[in-house]
$ cat coords.pdb   # PDB, C-alpha atoms
ATOM      1  CA  MET A  13     296.279  67.162 118.465
ATOM      2  CA  GLU A  14     298.772  64.262 118.233
ATOM      3  CA  VAL A  15     299.441  63.587 114.538
ATOM      4  CA  ASN A  16     300.696  60.047 115.110
ATOM      5  CA  GLU A  17     297.355  59.050 116.654
ATOM      6  CA  LEU A  18     295.531  60.194 113.537
ATOM      7  CA  VAL A  19     297.991  58.503 111.212
ATOM      8  CA  GLU A  20     297.739  55.152 112.970
ATOM      9  CA  GLU A  21     293.932  55.237 113.096
ATOM     10  CA  ILE A  22     293.670  55.995 109.375
ATOM     11  CA  ALA A  23     296.432  53.523 108.475
ATOM     12  CA  LYS A  24     294.568  50.647 110.134
ATOM     13  CA  SER A  25     291.144  51.487 108.674
ATOM     14  CA  LYS A  26     289.703  49.232 105.978
ATOM     15  CA  LYS A  27     288.808  52.136 103.694
ATOM     16  CA  TYR A  28     292.115  53.986 103.670
ATOM     17  CA  ALA A  29     294.809  51.512 104.778
ATOM     18  CA  ASN A  30     295.952  50.991 101.182
ATOM     19  CA  LEU A  31     296.684  54.675 100.628
ATOM     20  CA  SER A  32     300.265  55.855 100.451
ATOM     21  CA  ARG A  33     301.712  56.363 103.932
ATOM     22  CA  ASP A  34     303.083  59.713 102.779
ATOM     23  CA  ILE A  35     299.680  61.050 101.831
ATOM     24  CA  ILE A  36     298.122  59.761 105.055
ATOM     25  CA  GLU A  37     300.801  61.555 107.066
ATOM     26  CA  ARG A  38     300.417  64.766 105.051
ATOM     27  CA  VAL A  39     296.649  64.990 105.343
ATOM     28  CA  CYS A  40     296.699  64.058 109.033
ATOM     29  CA  ALA A  41     299.323  66.714 109.765
ATOM     30  CA  GLU A  42     297.284  69.360 107.932
ATOM     31  CA  SER A  43     294.105  68.418 109.800
ATOM     32  CA  ALA A  44     295.858  68.372 113.170
ATOM     33  CA  VAL A  45     296.864  72.002 112.644
ATOM     34  CA  LYS A  46     293.279  73.033 111.923
ATOM     35  CA  TYR A  47     291.549  71.016 114.641
ATOM     36  CA  LYS A  48     292.706  70.499 118.202
ATOM     37  CA  LYS A  49     290.199  67.756 119.024
ATOM     38  CA  LYS A  50     290.875  64.289 117.654
ATOM     39  CA  LYS A  51     287.269  63.638 116.580
ATOM     40  CA  ALA A  52     287.120  66.789 114.466
ATOM     41  CA  ALA A  53     290.555  66.205 112.952
ATOM     42  CA  LEU A  54     289.713  62.588 112.130
ATOM     43  CA  SER A  55     286.454  63.643 110.510
ATOM     44  CA  GLU A  56     288.326  66.164 108.345
ATOM     45  CA  VAL A  57     290.862  63.550 107.235
ATOM     46  CA  LYS A  58     288.119  61.102 106.250
ATOM     47  CA  LYS A  59     286.233  63.838 104.402
ATOM     48  CA  GLU A  60     289.372  64.717 102.429
ATOM     49  CA  PHE A  61     290.048  61.115 101.469
ATOM     50  CA  HIS A  62     286.427  60.587 100.469
ATOM     51  CA  ILE A  63     286.634  63.530  98.050
ATOM     52  CA  VAL A  64     289.996  62.726  96.462
ATOM     53  CA  TYR A  65     289.835  58.929  96.528
ATOM     54  CA  GLU A  66     286.866  56.979  97.898
ATOM     55  CA  SER A  67     284.171  58.788  95.888
ATOM     56  CA  PHE A  68     285.730  57.481  92.652
ATOM     57  CA  LEU A  69     285.518  53.800  93.627
ATOM     58  CA  THR A  70     282.702  51.381  92.980
ATOM     59  CA  PRO A  71     282.296  48.620  95.616
ATOM     60  CA  ASN A  72     285.317  46.291  95.795
ATOM     61  CA  CYS A  73     286.443  47.548  92.377
ATOM     62  CA  GLN A  74     290.158  46.908  92.815
ATOM     63  CA  ASN A  75     289.730  43.274  93.844
ATOM     64  CA  ILE A  76     287.184  42.665  91.086
ATOM     65  CA  ALA A  77     289.455  44.207  88.443
ATOM     66  CA  LYS A  78     292.473  42.252  89.646
ATOM     67  CA  GLU A  79     290.569  38.957  89.590
ATOM     68  CA  LYS A  80     289.226  39.646  86.099
ATOM     69  CA  ILE A  81     292.684  40.506  84.771
ATOM     70  CA  MET A  82     294.382  37.500  86.396
ATOM     71  CA  GLY A  83     291.665  35.234  85.010
ATOM     72  CA  TYR A  84     291.800  36.638  81.472
ATOM     73  CA  GLU A  85     292.095  33.842  78.902
ATOM     74  CA  GLY A  86     291.884  35.784  75.641
ATOM     75  CA  GLU A  87     294.628  35.981  73.052
ATOM     76  CA  ASP A  88     295.612  39.647  73.409
ATOM     77  CA  ILE A  89     294.416  41.733  76.341
ATOM     78  CA  LEU A  90     295.642  44.955  74.683
ATOM     79  CA  ALA A  91     293.477  44.339  71.630
ATOM     80  CA  ASP A  92     290.410  43.191  73.552
ATOM     81  CA  ARG A  93     288.094  46.188  73.693
ATOM     82  CA  LYS A  94     285.173  44.093  74.919
ATOM     83  CA  PHE A  95     287.160  43.040  77.981
ATOM     84  CA  CYS A  96     288.346  46.617  78.442
ATOM     85  CA  LEU A  97     284.713  47.695  78.681
ATOM     86  CA  GLU A  98     284.264  45.280  81.580
ATOM     87  CA  LEU A  99     287.034  47.045  83.493
ATOM     88  CA  LEU A 100     286.480  50.755  82.836
ATOM     89  CA  PRO A 101     283.064  50.987  84.598
ATOM     90  CA  LEU A 102     284.604  49.724  87.835
ATOM     91  CA  HIS A 103     286.136  53.170  88.494
ATOM     92  CA  ILE A 104     283.829  56.200  88.420
ATOM     93  CA  SER A 105     286.250  58.397  86.484
ATOM     94  CA  THR A 106     286.557  55.950  83.582
ATOM     95  CA  LYS A 107     282.939  54.796  83.914
ATOM     96  CA  GLU A 108     281.913  58.290  82.819
ATOM     97  CA  ARG A 109     283.848  57.781  79.565
ATOM     98  CA  VAL A 110     282.075  54.569  78.602
ATOM     99  CA  GLY A 111     279.956  55.276  75.536
ATOM    100  CA  VAL A 112     282.328  57.951  74.246
ATOM    101  CA  GLU A 113     285.533  56.020  74.865
ATOM    102  CA  LYS A 114     286.460  55.827  71.172
ATOM    103  CA  GLU A 115     286.240  59.593  70.728
ATOM    104  CA  ILE A 116     288.084  60.396  73.951
ATOM    105  CA  TYR A 117     290.974  57.996  73.485
ATOM    106  CA  SER A 118     291.286  58.826  69.792
ATOM    107  CA  PHE A 119     291.682  62.472  70.858
ATOM    108  CA  ILE A 120     294.314  61.561  73.435
ATOM    109  CA  SER A 121     296.082  59.218  71.006
ATOM    110  CA  GLN A 122     296.857  62.129  68.694
ATOM    111  CA  CYS A 123     299.236  63.386  71.392
ATOM    112  CA  ILE A 124     301.011  60.081  72.069
ATOM    113  CA  VAL A 125     304.599  59.881  70.844
ATOM    114  CA  PRO A 126     305.355  56.336  69.632
ATOM    115  CA  ASP A 127     308.402  55.028  71.531
ATOM    116  CA  GLY A 128     308.129  58.093  73.796
ATOM    117  CA  ILE A 129     307.380  58.440  77.495
ATOM    118  CA  LEU A 130     303.825  58.837  78.782
ATOM    119  CA  SER A 131     303.219  59.775  82.427
ATOM    120  CA  ASP A 132     299.653  59.361  83.687
ATOM    121  CA  VAL A 133     299.246  61.093  87.064
ATOM    122  CA  GLY A 134     296.261  60.413  89.308
ATOM    123  CA  CYS A 135     295.406  57.804  86.713
ATOM    124  CA  GLY A 136     292.778  55.673  88.421
ATOM    125  CA  PHE A 137     291.881  52.924  85.925
ATOM    126  CA  ASN A 138     292.747  55.042  82.885
ATOM    127  CA  PRO A 139     295.685  52.791  81.804
ATOM    128  CA  LEU A 140     293.197  49.949  81.399
ATOM    129  CA  ALA A 141     291.883  51.852  78.365
ATOM    130  CA  LEU A 142     295.003  50.964  76.347
ATOM    131  CA  PRO A 143     292.949  48.870  73.871
ATOM    132  CA  PHE A 144     291.263  52.114  72.753
ATOM    133  CA  MET A 145     294.512  54.040  72.324
ATOM    134  CA  GLU A 146     295.464  54.130  68.658
ATOM    135  CA  LYS A 147     299.171  54.598  69.409
ATOM    136  CA  ARG A 148     301.313  53.179  72.191
ATOM    137  CA  PRO A 149     304.148  54.964  73.972
ATOM    138  CA  GLY A 150     307.466  53.211  74.463
ATOM    139  CA  ARG A 151     307.156  53.629  78.222
ATOM    140  CA  TYR A 152     304.068  54.235  80.318
ATOM    141  CA  PHE A 153     304.405  55.440  83.899
ATOM    142  CA  ALA A 154     301.140  55.402  85.839
ATOM    143  CA  TYR A 155     300.918  57.171  89.193
ATOM    144  CA  GLU A 156     298.322  56.809  91.945
ATOM    145  CA  ILE A 157     297.954  57.320  95.704
ATOM    146  CA  SER A 158     296.466  53.854  96.286
ATOM    147  CA  ARG A 159     298.638  50.754  96.606
ATOM    148  CA  ASP A 160     295.679  48.577  95.600
ATOM    149  CA  THR A 161     295.182  50.526  92.362
ATOM    150  CA  VAL A 162     298.906  50.404  91.640
ATOM    151  CA  ASP A 163     298.790  46.635  92.150
ATOM    152  CA  VAL A 164     295.864  46.257  89.715
ATOM    153  CA  LEU A 165     297.678  48.241  87.033
ATOM    154  CA  ASN A 166     300.937  46.321  87.420
ATOM    155  CA  VAL A 167     299.049  43.013  87.153
ATOM    156  CA  TYR A 168     297.516  44.336  83.918
ATOM    157  CA  PHE A 169     300.864  45.463  82.510
ATOM    158  CA  ARG A 170     302.410  42.080  83.307
ATOM    159  CA  LYS A 171     299.473  40.255  81.751
ATOM    160  CA  ALA A 172     299.936  42.381  78.628
ATOM    161  CA  ARG A 173     303.703  41.665  78.657
ATOM    162  CA  MET A 174     304.458  45.367  78.339
ATOM    163  CA  ASP A 175     308.055  46.022  79.363
ATOM    164  CA  GLY A 176     308.580  49.600  80.486
ATOM    165  CA  TYR A 177     304.955  49.954  81.610
ATOM    166  CA  THR A 178     304.766  50.381  85.381
ATOM    167  CA  ALA A 179     302.547  51.854  88.076
ATOM    168  CA  SER A 180     303.819  53.430  91.280
ATOM    169  CA  ILE A 181     302.805  55.666  94.168
ATOM    170  CA  LEU A 182     302.884  59.451  93.828
ATOM    171  CA  ASP A 183     301.235  62.167  95.916
ATOM    172  CA  ALA A 184     300.915  64.894  93.295
ATOM    173  CA  VAL A 185     300.267  67.492  95.985
ATOM    174  CA  GLN A 186     303.890  67.045  97.009
ATOM    175  CA  GLY A 187     305.653  65.977  93.826
ATOM    176  CA  VAL A 188     305.673  65.395  90.073
ATOM    177  CA  PRO A 189     306.985  62.560  87.879
ATOM    178  CA  SER A 190     310.751  62.465  87.812
ATOM    179  CA  GLY A 191     312.311  63.134  84.436
ATOM    180  CA  TYR A 192     310.806  64.272  81.154
ATOM    181  CA  SER A 193     307.500  63.068  79.698
ATOM    182  CA  ASP A 194     306.713  63.365  76.012
ATOM    183  CA  LEU A 195     303.068  63.265  77.092
ATOM    184  CA  LEU A 196     301.734  64.041  80.548
ATOM    185  CA  LEU A 197     298.163  63.000  81.319
ATOM    186  CA  ALA A 198     296.399  64.719  84.208
ATOM    187  CA  LEU A 199     292.785  63.762  83.667
ATOM    188  CA  LYS A 200     290.417  65.326  86.224
ATOM    189  CA  LEU A 201     293.457  65.742  88.489
ATOM    190  CA  LEU A 202     293.967  69.497  88.696
ATOM    191  CA  PRO A 203     290.698  70.265  90.548
ATOM    192  CA  LEU A 204     291.634  67.701  93.202
ATOM    193  CA  LEU A 205     295.099  69.197  93.622
ATOM    194  CA  GLN A 206     293.668  72.694  93.876
ATOM    195  CA  GLN A 207     291.181  71.587  96.503
ATOM    196  CA  GLN A 208     293.887  70.044  98.661
ATOM    197  CA  LYS A 209     296.332  72.949  98.320
ATOM    198  CA  LYS A 210     295.420  76.324  96.873
ATOM    199  CA  GLY A 211     297.617  77.119  93.876
ATOM    200  CA  ARG A 212     298.864  73.542  93.555
ATOM    201  CA  ALA A 213     297.236  72.895  90.152
ATOM    202  CA  MET A 214     299.398  75.473  88.371
ATOM    203  CA  GLU A 215     302.421  74.639  90.521
ATOM    204  CA  PHE A 216     302.103  71.049  89.331
ATOM    205  CA  LEU A 217     302.075  72.094  85.677
ATOM    206  CA  SER A 218     305.042  74.412  86.243
ATOM    207  CA  GLU A 219     307.098  71.778  88.063
ATOM    208  CA  ALA A 220     306.392  68.869  85.722
ATOM    209  CA  SER A 221     308.734  68.399  82.771
ATOM    210  CA  PHE A 222     306.790  67.613  79.597
ATOM    211  CA  GLY A 223     306.485  68.400  75.906
ATOM    212  CA  THR A 224     302.723  67.960  75.684
ATOM    213  CA  ALA A 225     300.103  67.595  78.400
ATOM    214  CA  VAL A 226     296.470  66.596  78.189
ATOM    215  CA  VAL A 227     294.520  67.828  81.186
ATOM    216  CA  SER A 228     290.797  67.527  81.762
ATOM    217  CA  PHE A 229     288.039  68.824  83.994
ATOM    218  CA  PRO A 230     284.500  67.611  84.726
ATOM    219  CA  THR A 231     281.698  69.685  83.236
ATOM    220  CA  LYS A 232     279.039  68.090  85.438
ATOM    221  CA  SER A 233     278.942  66.867  89.008
ATOM    222  CA  MET A 234     279.040  63.133  89.784
ATOM    223  CA  ALA A 235     275.280  63.362  90.218
ATOM    224  CA  GLY A 236     275.015  64.680  86.645
ATOM    225  CA  ARG A 237     274.123  68.239  87.555
ATOM    226  CA  ASN A 238     275.295  71.163  85.444
ATOM    227  CA  LYS A 239     276.650  73.792  87.826
ATOM    228  CA  GLY A 240     278.430  76.045  85.354
ATOM    229  CA  MET A 241     281.531  73.893  85.714
ATOM    230  CA  GLU A 242     282.675  74.222  82.108
ATOM    231  CA  ALA A 243     282.780  78.021  82.312
ATOM    232  CA  TYR A 244     284.387  77.893  85.744
ATOM    233  CA  TYR A 245     287.200  75.528  84.753
ATOM    234  CA  THR A 246     287.740  77.290  81.431
ATOM    235  CA  ALA A 247     288.408  80.534  83.288
ATOM    236  CA  PHE A 248     290.410  78.744  85.975
ATOM    237  CA  LEU A 249     292.860  77.241  83.493
ATOM    238  CA  GLU A 250     293.065  79.997  80.897
ATOM    239  CA  ASP A 251     293.395  82.833  83.425
ATOM    240  CA  ASN A 252     296.055  81.131  85.536
ATOM    241  CA  LEU A 253     298.142  79.122  83.081
ATOM    242  CA  PRO A 254     301.904  79.704  83.492
ATOM    243  CA  GLU A 255     303.385  81.905  80.752
ATOM    244  CA  ASN A 256     305.622  79.147  79.359
ATOM    245  CA  ILE A 257     302.654  76.835  78.711
ATOM    246  CA  LEU A 258     300.485  77.334  75.634
ATOM    247  CA  ILE A 259     297.045  75.983  74.763
ATOM    248  CA  ALA A 260     297.210  73.893  71.591
ATOM    249  CA  ASP A 261     293.675  72.519  71.582
ATOM    250  CA  ARG A 262     290.451  72.510  73.590
ATOM    251  CA  ARG A 263     287.533  70.136  73.318
ATOM    252  CA  VAL A 264     284.480  69.076  75.276
ATOM    253  CA  ILE A 265     283.578  65.408  74.931
ATOM    254  CA  TYR A 266     280.394  64.406  76.726
ATOM    255  CA  ASN A 267     280.896  65.692  80.310
ATOM    256  CA  GLU A 268     284.646  66.240  80.223
ATOM    257  CA  LEU A 269     286.574  69.355  79.182
ATOM    258  CA  PHE A 270     289.971  68.586  77.632
ATOM    259  CA  TYR A 271     292.934  70.862  77.003
ATOM    260  CA  VAL A 272     296.096  70.018  75.081
ATOM    261  CA  LEU A 273     298.985  72.047  76.456
ATOM    262  CA  LYS A 274     302.478  72.626  75.074
ATOM    263  CA  LYS A 275     305.511  73.610  77.136
TER     264      LYS A 275
END
$ encode --input "coords.pdb" --output "structure tokens"
Amino acid sequence: MEVNELVEEIAKSKKYANLSRDIIERVCAESAVKYKKKKAALSEVKKEFHIVYESFLTPNCQNIAKEKIMGYEGEDILADRKFCLELLPLHISTKERVGVEKEIYSFISQCIVPDGILSDVGCGFNPLALPFMEKRPGRYFAYEISRDTVDVLNVYFRKARMDGYTASILDAVQGVPSGYSDLLLALKLLPLLQQQKKGRAMEFLSEASFGTAVVSFPTKSMAGRNKGMEAYYTAFLEDNLPENILIADRRVIYNELFYVLKK
């Protein structure tokens, strides 16, 4: 199977063209090893991207969010919780937090170091919840695999006039944020890493440099079904956590299991 053929077909598709070229090349190379026929390999690539990316998007969500942010005429976008609640439902991951957003972001805010560095990996639209964060870091580095999502977040940061707040591309299967983070956020990220590469979830935590991390896991499927996910992910994290990382707190809020980790 010719990898370049797969890469070019995915890179020109409407659904996946905005994904990082690095991640397209990685997933295509992995699929080409498994499947010799182009049709099967292409199907596997699309399945992978649906699971780790497309399934979290509502229709045209990035363009809608960008237009809303660019057209914002309020006095302070970072203080406007009503406007924030127009943006969060556009992405499935943050949509699930609407209704319990105050409790979730109050919990996360306890871990934020004022004037410190926050790295938010696989962030989706999570940085758009800044109005609900009770403390603000000095620098906020948001990481995603989608150029369109990165663009939305950078438009938001510019609109908010937040120097030191930036979004950029990162394939967390292959890398971690450079430098030290006072707080690392990996919300619903570890299951996706583990699915793409066995053992990657704990590798990621080992490789990343941080003082505190908040990681989370879904306790129900996207369809709302309870499949024993809380027990499964509890055992997954607690039985496999690297020795130099300690559990400081654990909490379930609605359908999300949170852990606060210390390194």
$ closest_residue --input "coords.pdb" --among "A:Ser221, A:Glu37, A:Val164, A:Gly191" --to "Glu20 of chain A" --atoms "all atoms listed in the file"
A:Glu37
$ residues_around --input "coords.pdb" --residues "Ala184 of chain A" --least-positions-apart "2" --cutoff "10 Å" --atoms "only C-alpha atoms" --output "compact mmCIF listing (two decimals) with C-alpha atoms, in the coordinates of the input"
# COMPACT_ATOMS: atom_id res chain seq x y z
CA ILE A 35 299.68 61.05 101.83
CA VAL A 133 299.25 61.09 87.06
CA GLY A 134 296.26 60.41 89.31
CA TYR A 155 300.92 57.17 89.19
CA GLU A 156 298.32 56.81 91.94
CA ILE A 157 297.95 57.32 95.70
CA ILE A 181 302.80 55.67 94.17
CA LEU A 182 302.88 59.45 93.83
CA GLN A 186 303.89 67.04 97.01
CA GLY A 187 305.65 65.98 93.83
CA VAL A 188 305.67 65.40 90.07
CA PRO A 189 306.98 62.56 87.88
CA LEU A 201 293.46 65.74 88.49
CA LEU A 202 293.97 69.50 88.70
CA LEU A 204 291.63 67.70 93.20
CA LEU A 205 295.10 69.20 93.62
CA ARG A 212 298.86 73.54 93.56
CA ALA A 213 297.24 72.90 90.15
CA PHE A 216 302.10 71.05 89.33
$ residues_around --input "coords.pdb" --residues "Ser233 of chain A" --least-positions-apart "6" --cutoff "12 Å" --atoms "only C-alpha atoms" --output "list in words"
Ser67, Ile104, Ser105, Glu108, Lys200, Lys239, Gly240, Met241, Glu242, Asn267 and Glu268 of chain A
$ axis_aligned_box --input "coords.pdb" --around "segment 174-193 of chain A" --padding-each-side "4 Å" --output "JSON"
{"center_x": 306.3, "center_y": 56.4, "center_z": 87.7, "size_x": 20.0, "size_y": 30.1, "size_z": 26.7}
$ closest_atom_pairs --input "coords.pdb" --of "segment 149-227 of chain A" --to "segment 253-257 of chain A" --cutoff "9 Å" --atoms "only C-alpha atoms" --output "Markdown table"
| residue | atom | partner | partner_atom | distance |
| --- | --- | --- | --- | --- |
| A:Met214 | CA | A:Leu253 | CA | 6.5 |
| A:Glu215 | CA | A:Pro254 | CA | 8.7 |
| A:Leu217 | CA | A:Pro254 | CA | 7.9 |
| A:Ser218 | CA | A:Pro254 | CA | 6.7 |
$ residues_around --input "coords.pdb" --residues "Cys135 of chain A" --least-positions-apart "3" --cutoff "9 Å" --atoms "all atoms listed in the file" --output "MDAnalysis selection string"
chainID A and resid 132 138:139 154:156 197:199 201
$ closest_residue --input "coords.pdb" --among "A:Gly111, A:Leu195, A:Glu21, A:Ile81" --to "Ala53 of chain A" --atoms "all atoms listed in the file"
A:Glu21
$ atom_distance --input "coords.pdb" --atom1 "atom CA of Gly150 of chain A" --atom2 "atom CA of Asp88 of chain A"
18.0 Å
